[in-house]
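Novice: For reference, the file entry.txt (compact mmCIF, C-alpha atoms and all ligand atoms) is included below:
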# COMPACT_ATOMS: atom_id res chain seq x y z
CA ILE A 215 32.82 15.79 -17.82
CA ARG A 216 34.44 17.01 -21.00
CA PRO A 217 38.02 16.07 -21.80
CA LYS A 218 40.69 18.47 -20.56
CA ILE A 219 42.66 20.17 -23.26
CA ARG A 220 46.22 20.35 -22.06
CA HIS A 221 48.03 21.66 -25.10
CA ARG A 222 47.53 25.06 -26.60
CA PHE A 223 47.73 23.69 -30.15
CA HIS A 224 45.46 20.68 -29.55
CA ARG A 225 41.89 21.43 -30.51
CA TYR A 226 38.61 19.68 -29.76
CA PRO A 227 35.50 20.60 -31.80
CA HIS A 228 33.49 23.56 -30.45
CA THR A 229 36.48 25.09 -28.69
CA SER A 230 38.10 28.50 -29.12
CA ARG A 231 40.84 30.49 -27.49
CA TYR A 232 39.50 33.09 -25.06
CA LEU A 233 41.21 35.90 -23.20
CA PRO A 234 41.62 34.91 -19.54
CA GLN A 235 38.65 35.59 -17.29
CA CYS A 236 40.87 35.05 -14.26
CA ILE A 237 44.56 35.83 -13.71
CA ILE A 238 46.90 34.63 -10.97
CA ILE A 239 48.84 37.87 -10.49
CA GLY A 240 51.34 36.62 -7.91
CA VAL A 241 53.15 36.60 -5.73
CA ARG A 242 56.37 35.07 -7.02
CA LYS A 243 57.37 32.11 -4.82
CA GLY A 244 53.97 32.22 -3.14
CA GLY A 245 52.89 28.87 -4.55
CA THR A 246 51.57 30.10 -7.91
CA GLY A 247 52.77 27.01 -9.80
CA ALA A 248 51.06 24.55 -7.50
CA LEU A 249 47.95 26.73 -7.42
CA ILE A 250 47.41 26.84 -11.19
CA HIS A 251 48.09 23.11 -11.59
CA PHE A 252 45.76 22.16 -8.75
CA LEU A 253 43.03 24.37 -10.24
CA ASP A 254 43.53 22.67 -13.59
CA ILE A 255 41.90 19.57 -12.10
CA HIS A 256 38.57 21.39 -12.34
CA PRO A 257 36.69 20.46 -15.54
CA ASN A 258 35.53 24.04 -15.99
CA ILE A 259 39.00 25.54 -15.86
CA ALA A 260 41.46 25.77 -18.75
CA ILE A 261 44.97 26.99 -17.94
CA ALA A 262 47.65 28.63 -20.07
CA SER A 263 50.59 26.25 -20.20
CA THR A 264 53.29 28.89 -19.56
CA GLU A 265 53.69 32.29 -17.92
CA VAL A 266 52.64 34.61 -20.73
CA HIS A 267 54.13 37.89 -19.41
CA PHE A 268 51.73 39.82 -21.58
CA PHE A 269 51.06 42.85 -19.39
CA ASP A 270 54.67 43.31 -18.29
CA ASN A 271 56.76 42.38 -21.35
CA ASN A 272 54.56 41.86 -24.40
CA TYR A 273 51.79 44.42 -24.09
CA LYS A 274 52.66 46.09 -27.41
CA ARG A 275 51.92 42.82 -29.23
CA GLY A 276 48.23 43.37 -28.59
CA LEU A 277 45.31 41.42 -27.18
CA ASN A 278 45.09 39.06 -30.13
CA TRP A 279 48.65 37.90 -29.47
CA TYR A 280 47.66 37.37 -25.83
CA ARG A 281 44.54 35.41 -26.76
CA LYS A 282 46.57 33.14 -29.03
CA ARG A 283 48.72 32.14 -26.02
CA MET A 284 45.63 30.77 -24.32
CA PRO A 285 44.50 27.14 -24.53
CA TYR A 286 41.54 26.06 -26.62
CA SER A 287 38.60 25.80 -24.28
CA PHE A 288 34.86 25.20 -24.22
CA PRO A 289 32.57 28.19 -23.66
CA ASN A 290 31.70 26.86 -20.18
CA GLN A 291 35.35 26.88 -19.07
CA ILE A 292 37.21 29.71 -17.36
CA THR A 293 40.60 30.44 -18.87
CA ILE A 294 43.28 31.17 -16.28
CA GLU A 295 46.73 32.58 -16.84
CA LYS A 296 49.44 33.11 -14.22
CA THR A 297 52.33 35.52 -14.38
CA PRO A 298 53.55 36.33 -10.85
CA ALA A 299 55.53 39.34 -12.08
CA TYR A 300 52.23 41.19 -12.64
CA PHE A 301 51.74 41.81 -8.92
CA VAL A 302 54.83 44.01 -8.59
CA LYS A 303 54.79 45.88 -11.92
CA LYS A 304 53.37 49.35 -11.51
CA HIS A 305 51.69 49.79 -14.89
CA VAL A 306 50.10 46.31 -15.04
CA PRO A 307 46.81 46.84 -13.11
CA GLU A 308 45.77 49.72 -15.35
CA SER A 309 46.35 47.61 -18.48
CA VAL A 310 44.50 44.62 -17.02
CA LYS A 311 41.54 46.87 -16.23
CA LYS A 312 41.56 48.20 -19.80
CA MET A 313 41.24 44.62 -21.05
CA ASN A 314 38.47 43.57 -18.66
CA GLN A 315 37.30 45.63 -15.74
CA SER A 316 35.34 42.75 -14.21
CA ILE A 317 38.17 40.21 -14.40
CA LYS A 318 38.75 37.99 -11.36
CA LEU A 319 42.19 38.08 -9.81
CA LEU A 320 43.91 35.56 -7.58
CA LEU A 321 46.80 36.53 -5.32
CA ILE A 322 48.59 33.86 -3.28
CA VAL A 323 50.72 35.31 -0.50
CA ARG A 324 53.19 33.75 1.87
CA GLU A 325 54.97 34.84 5.05
CA PRO A 326 57.25 37.56 3.65
CA VAL A 327 60.59 36.55 5.23
CA GLU A 328 60.33 32.99 3.90
CA ARG A 329 59.16 34.35 0.55
CA THR A 330 62.17 36.68 0.34
CA ILE A 331 64.59 33.84 1.10
CA SER A 332 62.84 31.60 -1.42
CA ASP A 333 63.11 34.37 -4.02
CA TYR A 334 66.86 34.76 -3.41
CA THR A 335 67.30 30.95 -3.44
CA GLN A 336 65.68 30.88 -6.87
CA ILE A 337 67.99 33.58 -8.30
CA TRP A 338 71.02 31.99 -6.68
CA GLY A 339 70.11 28.48 -7.83
CA LYS A 340 69.14 29.47 -11.35
CA LEU A 341 71.66 32.01 -12.46
CA VAL A 342 74.69 32.22 -10.32
CA ARG A 343 75.22 29.32 -8.00
CA ASN A 344 78.81 30.29 -7.48
CA SER A 345 80.64 31.46 -4.42
CA SER A 346 81.40 34.96 -5.76
CA TYR A 347 77.70 35.87 -5.78
CA PRO A 348 76.80 37.94 -2.72
CA THR A 349 75.20 36.07 0.14
CA PHE A 350 71.64 36.74 1.18
CA GLU A 351 72.93 38.67 4.20
CA GLU A 352 75.10 40.92 2.01
CA LEU A 353 72.19 41.79 -0.26
CA ALA A 354 69.51 42.11 2.39
CA ILE A 355 71.38 44.10 5.06
CA ASP A 356 73.36 47.32 4.56
CA PRO A 357 76.87 46.49 5.78
CA ALA A 358 77.53 50.02 7.07
CA THR A 359 74.28 50.80 8.90
CA LYS A 360 73.23 47.15 9.56
CA ILE A 361 69.68 47.99 8.57
CA VAL A 362 67.47 46.18 6.07
CA LYS A 363 67.90 47.39 2.49
CA PRO A 364 64.41 47.91 1.07
CA SER A 365 65.95 48.27 -2.39
CA PHE A 366 66.98 44.59 -2.53
CA ALA A 367 64.63 43.22 -5.20
CA ALA A 368 63.67 40.09 -3.25
CA THR A 369 62.76 42.21 -0.20
CA GLU A 370 60.93 44.78 -2.30
CA ARG A 371 58.73 42.09 -3.83
CA SER A 372 57.61 41.12 -0.30
CA LEU A 373 56.21 44.61 0.39
CA TYR A 374 52.70 43.37 -0.19
CA ASP A 375 51.15 46.64 1.03
CA LYS A 376 52.97 48.68 -1.61
CA HIS A 377 51.98 46.43 -4.51
CA MET A 378 48.45 45.81 -3.26
CA ALA A 379 47.84 49.56 -2.94
CA ASN A 380 48.65 49.86 -6.63
CA TRP A 381 46.12 47.14 -7.57
CA LEU A 382 43.46 48.65 -5.33
CA LYS A 383 43.69 51.90 -7.30
CA TYR A 384 42.13 50.03 -10.21
CA PHE A 385 40.17 47.10 -8.74
CA ASN A 386 37.77 46.54 -5.87
CA LEU A 387 38.99 44.22 -3.18
CA SER A 388 36.01 41.97 -4.00
CA GLN A 389 37.65 41.21 -7.34
CA ILE A 390 40.91 40.03 -5.76
CA HIS A 391 40.76 36.73 -3.92
CA ILE A 392 43.67 36.29 -1.54
CA VAL A 393 44.95 32.76 -1.07
CA ASP A 394 46.87 31.92 2.10
CA GLY A 395 49.97 30.30 0.58
CA ASP A 396 51.16 28.83 3.88
CA ASN A 397 47.81 27.13 4.39
CA PHE A 398 47.63 26.13 0.73
CA ARG A 399 50.89 24.25 1.10
CA ARG A 400 49.63 22.31 4.14
CA ASN A 401 45.96 22.15 3.19
CA PRO A 402 45.47 22.84 -0.52
CA PHE A 403 41.93 21.56 -0.43
CA GLN A 404 40.71 24.23 2.01
CA GLU A 405 42.00 27.03 -0.18
CA ILE A 406 40.76 25.47 -3.43
CA VAL A 407 37.18 25.27 -2.13
CA GLU A 408 37.24 29.02 -1.48
CA ILE A 409 38.52 29.65 -5.01
CA GLU A 410 35.76 27.52 -6.52
CA LYS A 411 33.28 29.74 -4.65
CA PHE A 412 35.03 32.92 -5.77
CA LEU A 413 34.93 31.80 -9.41
CA HIS A 414 31.27 30.71 -9.06
CA LEU A 415 32.23 27.21 -10.10
CA GLU A 416 30.53 24.07 -8.97
CA HIS A 417 32.48 22.31 -6.26
CA LYS A 418 34.34 19.64 -8.23
CA ILE A 419 37.88 19.37 -6.86
CA SER A 420 38.04 16.97 -3.96
CA GLU A 421 40.59 15.85 -1.40
CA LYS A 422 40.81 12.61 -3.34
CA ASP A 423 42.46 14.47 -6.23
CA TYR A 424 45.65 15.00 -4.20
CA TYR A 425 47.96 12.93 -2.06
CA PHE A 426 50.78 13.93 0.24
CA ASP A 427 54.05 12.69 -1.24
CA PRO A 428 56.42 11.68 1.58
CA ASP A 429 59.54 12.11 -0.61
CA LYS A 430 58.59 15.47 -2.09
CA LYS A 431 57.05 16.53 1.25
CA PHE A 432 54.32 18.36 -0.62
CA TYR A 433 50.90 17.57 -2.01
CA CYS A 434 50.90 16.15 -5.53
CA ILE A 435 48.16 15.47 -8.05
CA LYS A 436 46.65 12.00 -8.27
CA GLY A 437 45.79 10.71 -11.68
CA PHE A 438 46.43 8.12 -14.30
CA ILE A 439 50.03 9.15 -13.65
CA ASN A 440 50.63 10.88 -10.31
CA ARG A 441 52.19 14.32 -10.76
CA CYS A 442 54.31 16.35 -8.35
CA LEU A 443 55.63 19.79 -9.14
CA PRO A 444 59.23 19.92 -10.40
CA ASP A 445 62.24 20.09 -8.06
CA SER A 446 62.39 23.88 -8.50
CA LYS A 447 59.20 24.05 -6.41
CA GLY A 448 59.84 23.17 -2.80
CA ARG A 449 63.58 23.77 -2.82
CA GLN A 450 65.88 23.62 0.15
CA HIS A 451 66.47 27.30 1.03
CA VAL A 452 69.90 28.83 1.47
CA LYS A 453 70.84 29.07 5.16
CA VAL A 454 70.17 32.52 6.56
CA GLN A 455 71.44 33.65 9.94
CA GLU A 456 68.76 34.05 12.58
CA TYR A 457 69.60 37.71 13.33
CA VAL A 458 68.96 38.58 9.67
CA LYS A 459 65.59 36.85 9.76
CA THR A 460 64.72 38.75 12.94
CA LYS A 461 65.66 42.06 11.34
CA LEU A 462 63.58 41.27 8.28
CA ARG A 463 60.61 40.18 10.37
CA LYS A 464 60.73 43.51 12.18
CA PHE A 465 61.14 45.41 8.94
CA PHE A 466 58.11 43.74 7.33
CA ARG A 467 55.85 44.11 10.38
CA PRO A 468 54.42 47.60 9.62
CA HIS A 469 54.06 46.68 5.95
CA ASN A 470 52.19 43.52 6.89
CA GLU A 471 49.90 45.49 9.21
CA MET A 472 49.12 47.91 6.40
CA PHE A 473 48.43 44.98 4.05
CA PHE A 474 46.09 43.36 6.62
CA LYS A 475 44.17 46.64 6.85
CA MET A 476 43.85 46.86 3.07
CA ILE A 477 42.50 43.34 2.72
CA SER A 478 40.49 43.33 5.99
CA ARG A 479 42.09 40.07 7.01
CA ARG A 480 45.09 38.98 9.10
CA PHE A 481 47.64 36.25 8.66
CA GLU A 482 48.84 35.07 12.03
CA ASN A 483 52.52 34.12 12.47
CA TRP A 484 53.81 36.67 9.95
P1 LIG B 501 59.88 26.95 -1.93
O1 LIG B 501 60.62 26.42 -3.13
O2 LIG B 501 60.46 28.14 -1.31
O3 LIG B 501 59.53 25.89 -0.94
P2 LIG B 501 55.94 29.55 -7.07
O4 LIG B 501 55.31 28.44 -7.83
O5 LIG B 501 55.06 30.75 -6.97
O6 LIG B 501 57.31 29.83 -7.57
O7 LIG B 501 56.09 29.07 -5.57
C1 LIG B 501 56.96 28.05 -5.21
C2 LIG B 501 56.55 27.61 -3.83
O8 LIG B 501 55.34 26.86 -3.90
C3 LIG B 501 57.54 26.68 -3.18
O9 LIG B 501 58.46 27.48 -2.50
C4 LIG B 501 56.65 25.82 -2.26
O10 LIG B 501 56.82 26.10 -0.89
C5 LIG B 501 55.23 26.23 -2.64
N1 LIG B 501 54.31 25.12 -2.79
C6 LIG B 501 53.07 25.10 -2.26
N2 LIG B 501 52.45 23.95 -2.56
C7 LIG B 501 53.33 23.20 -3.26
C8 LIG B 501 53.28 21.90 -3.83
N3 LIG B 501 52.19 21.15 -3.71
N4 LIG B 501 54.38 21.43 -4.49
C9 LIG B 501 55.48 22.20 -4.58
N5 LIG B 501 55.59 23.46 -4.06
C10 LIG B 501 54.53 23.96 -3.42
Have the structure of the file written as structure tokens, please.

Specialist:
Amino acid sequence: IRPKIRHRFHRYPHTSRYLPQCIIIGVRKGGTGALIHFLDIHPNIAIASTEVHFFDNNYKRGLNWYRKRMPYSFPNQITIEKTPAYFVKKHVPESVKKMNQSIKLLLIVREPVERTISDYTQIWGKLVRNSSYPTFEELAIDPATKIVKPSFAATERSLYDKHMANWLKYFNLSQIHIVDGDNFRRNPFQEIVEIEKFLHLEHKISEKDYYFDPDKKFYCIKGFINRCLPDSKGRQHVKVQEYVKTKLRKFFRPHNEMFFKMISRRFENW
């Protein structure tokens, strides 16, 4: 097994920077951070150390700029980048296809109501965290009509059917591997095995590479130094009233059904 190269400026002999052959396109709050770090255990995977936001924010800088954001890797390694914003940006799939029409895409999804609340919790925790910021209820439900506001950004990002339809205009479903984020959280190993198959990689990541951390209440990576994801991953969510969750669940139902049809697969309990 060759040494892992963890820094994009650190270079072993016979390595180069390559454009990604696989991209984690989303979904935000689906478990993308844990996914890319768990995949990084594989000796034939090299990951970009940050979200590059090339196709959404930096496209004009050109492919060489993008390539230079990638880690040095051996020719037998697959370079993976993750930028969850890609999934919901309309113009991104066309640009990705222009770069590489046979690229492999990973999409990790999660039950949409929980994802929406997690998304709001992130905005609230990061930027505003003050009492004058509207509550989840105020943003998610129209106060006059009492119906769900599809324009609320966190809700809109959970319309998986809408965003998936856009990707399927440019890519075959066979190129997009869907990861069950709820299962990944409980059983990362099961999902990782499927990804190894999808990427045509030898099965190298084993259950022994992770342990369940009772304090973090999530799986963490075993190693010379054990590593859990930071506190921003696996946050306590803001409290949301049950009637709002019920309304959202009902609102997402037809969208979920449409998504299931598109991907020829169902997620129970959504
Ligand atoms: P919550 O903070 O809502 O629990 P992303 O990395 O795409 O932002 O996703 C964050 C989510 O990853 C977390 O959402 C958490 O539920 C999920 N997750 C799955 N496996 C995890 C792990 N091993 N450690 C931390 N978070 C994990």

Novice: Each residue of stretch 301-407 of chain A with at least one atom at most 10 Å from stretch 251-273 of chain A should appear once, together with its nearest atom pair and the corresponding distance in Å (one decimal); atoms considered: all atoms listed in the file; ordering: chain, then increasing residue number; output as a tab-separated table.

Specialist:
residue	atom	partner	partner_atom	distance
A:Phe301	CA	A:Asp270	CA	9.9
A:Val302	CA	A:Asp270	CA	9.7
A:Lys303	CA	A:Asp270	CA	6.9
A:Lys304	CA	A:Asp270	CA	9.2
A:His305	CA	A:Asp270	CA	7.9
A:Val306	CA	A:Phe269	CA	5.6
A:Pro307	CA	A:Phe269	CA	8.6
A:Glu308	CA	A:Phe269	CA	9.6
A:Ser309	CA	A:Phe269	CA	6.8
A:Val310	CA	A:Phe269	CA	7.2
A:Pro402	CA	A:Phe252	CA	8.3
A:Phe403	CA	A:Phe252	CA	9.2
A:Ile406	CA	A:Leu253	CA	7.3

Novice: Between A:Ser287, A:Ser478, A:Ser420, A:Thr330, which has the minimum distance to ligand LIG 501 (chain B) (counting all atoms listed in the file)?

Specialist: A:Thr330

Novice: Of the candidates A:Gly437, A:Arg467, A:Trp484, A:Val362, which one gets nearest to A:Lys422 if we count only C-alpha atoms?

Specialist: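 So, comparing all the options, the nearest one is A:Gly437.
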
Novice: Using only C-alpha atoms and all ligand atoms, which residues of the polymer chains come no farther than 6 Å from ligand LIG 501 (chain B)? I'd like the answer as a list of chain:residue names.

Specialist: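 Going residue by residue within 6 Å of ligand LIG 501 (chain B), we get A:Arg242, A:Lys243, A:Gly244, A:Gly245, A:Thr246, A:Gly247, A:Ala248, A:Ser332, A:Arg399, A:Phe432, A:Tyr433, A:Cys434, A:Leu443, A:Lys447, A:Gly448, A:Arg449.
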
Novice: To one decimal place in Å, what is the distance between atom CA of A:Pro326 and atom CA of A:Phe466?

Specialist: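 Answer for the atom CA of A:Pro326 to atom CA of A:Phe466 separation: 7.2 Å.
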
Novice: Return the single residue from A:Thr460, A:Gln235, A:Asn401, A:Asn470 that is closest to A:Leu373, with distances computed using all atoms listed in the file.

Specialist: A:Asn470

Novice: Calculated over only C-alpha atoms, which of the candidates A:Ala354, A:Ile292, A:Leu319, A:Ala299 has the smallest distance to A:Phe385?

Specialist: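 Answer, going by the shortest atom-to-atom distance: A:Leu319.
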
Novice: So that I can check the surroundings of A:Arg324, please list as an MDAnalysis selection string every protein, DNA and RNA residue that reaches within 7 Å of it, counting all atoms listed in the file and ignoring chain neighbours fewer than 4 positions away.

Specialist: chainID A and resid 244 329 394:396
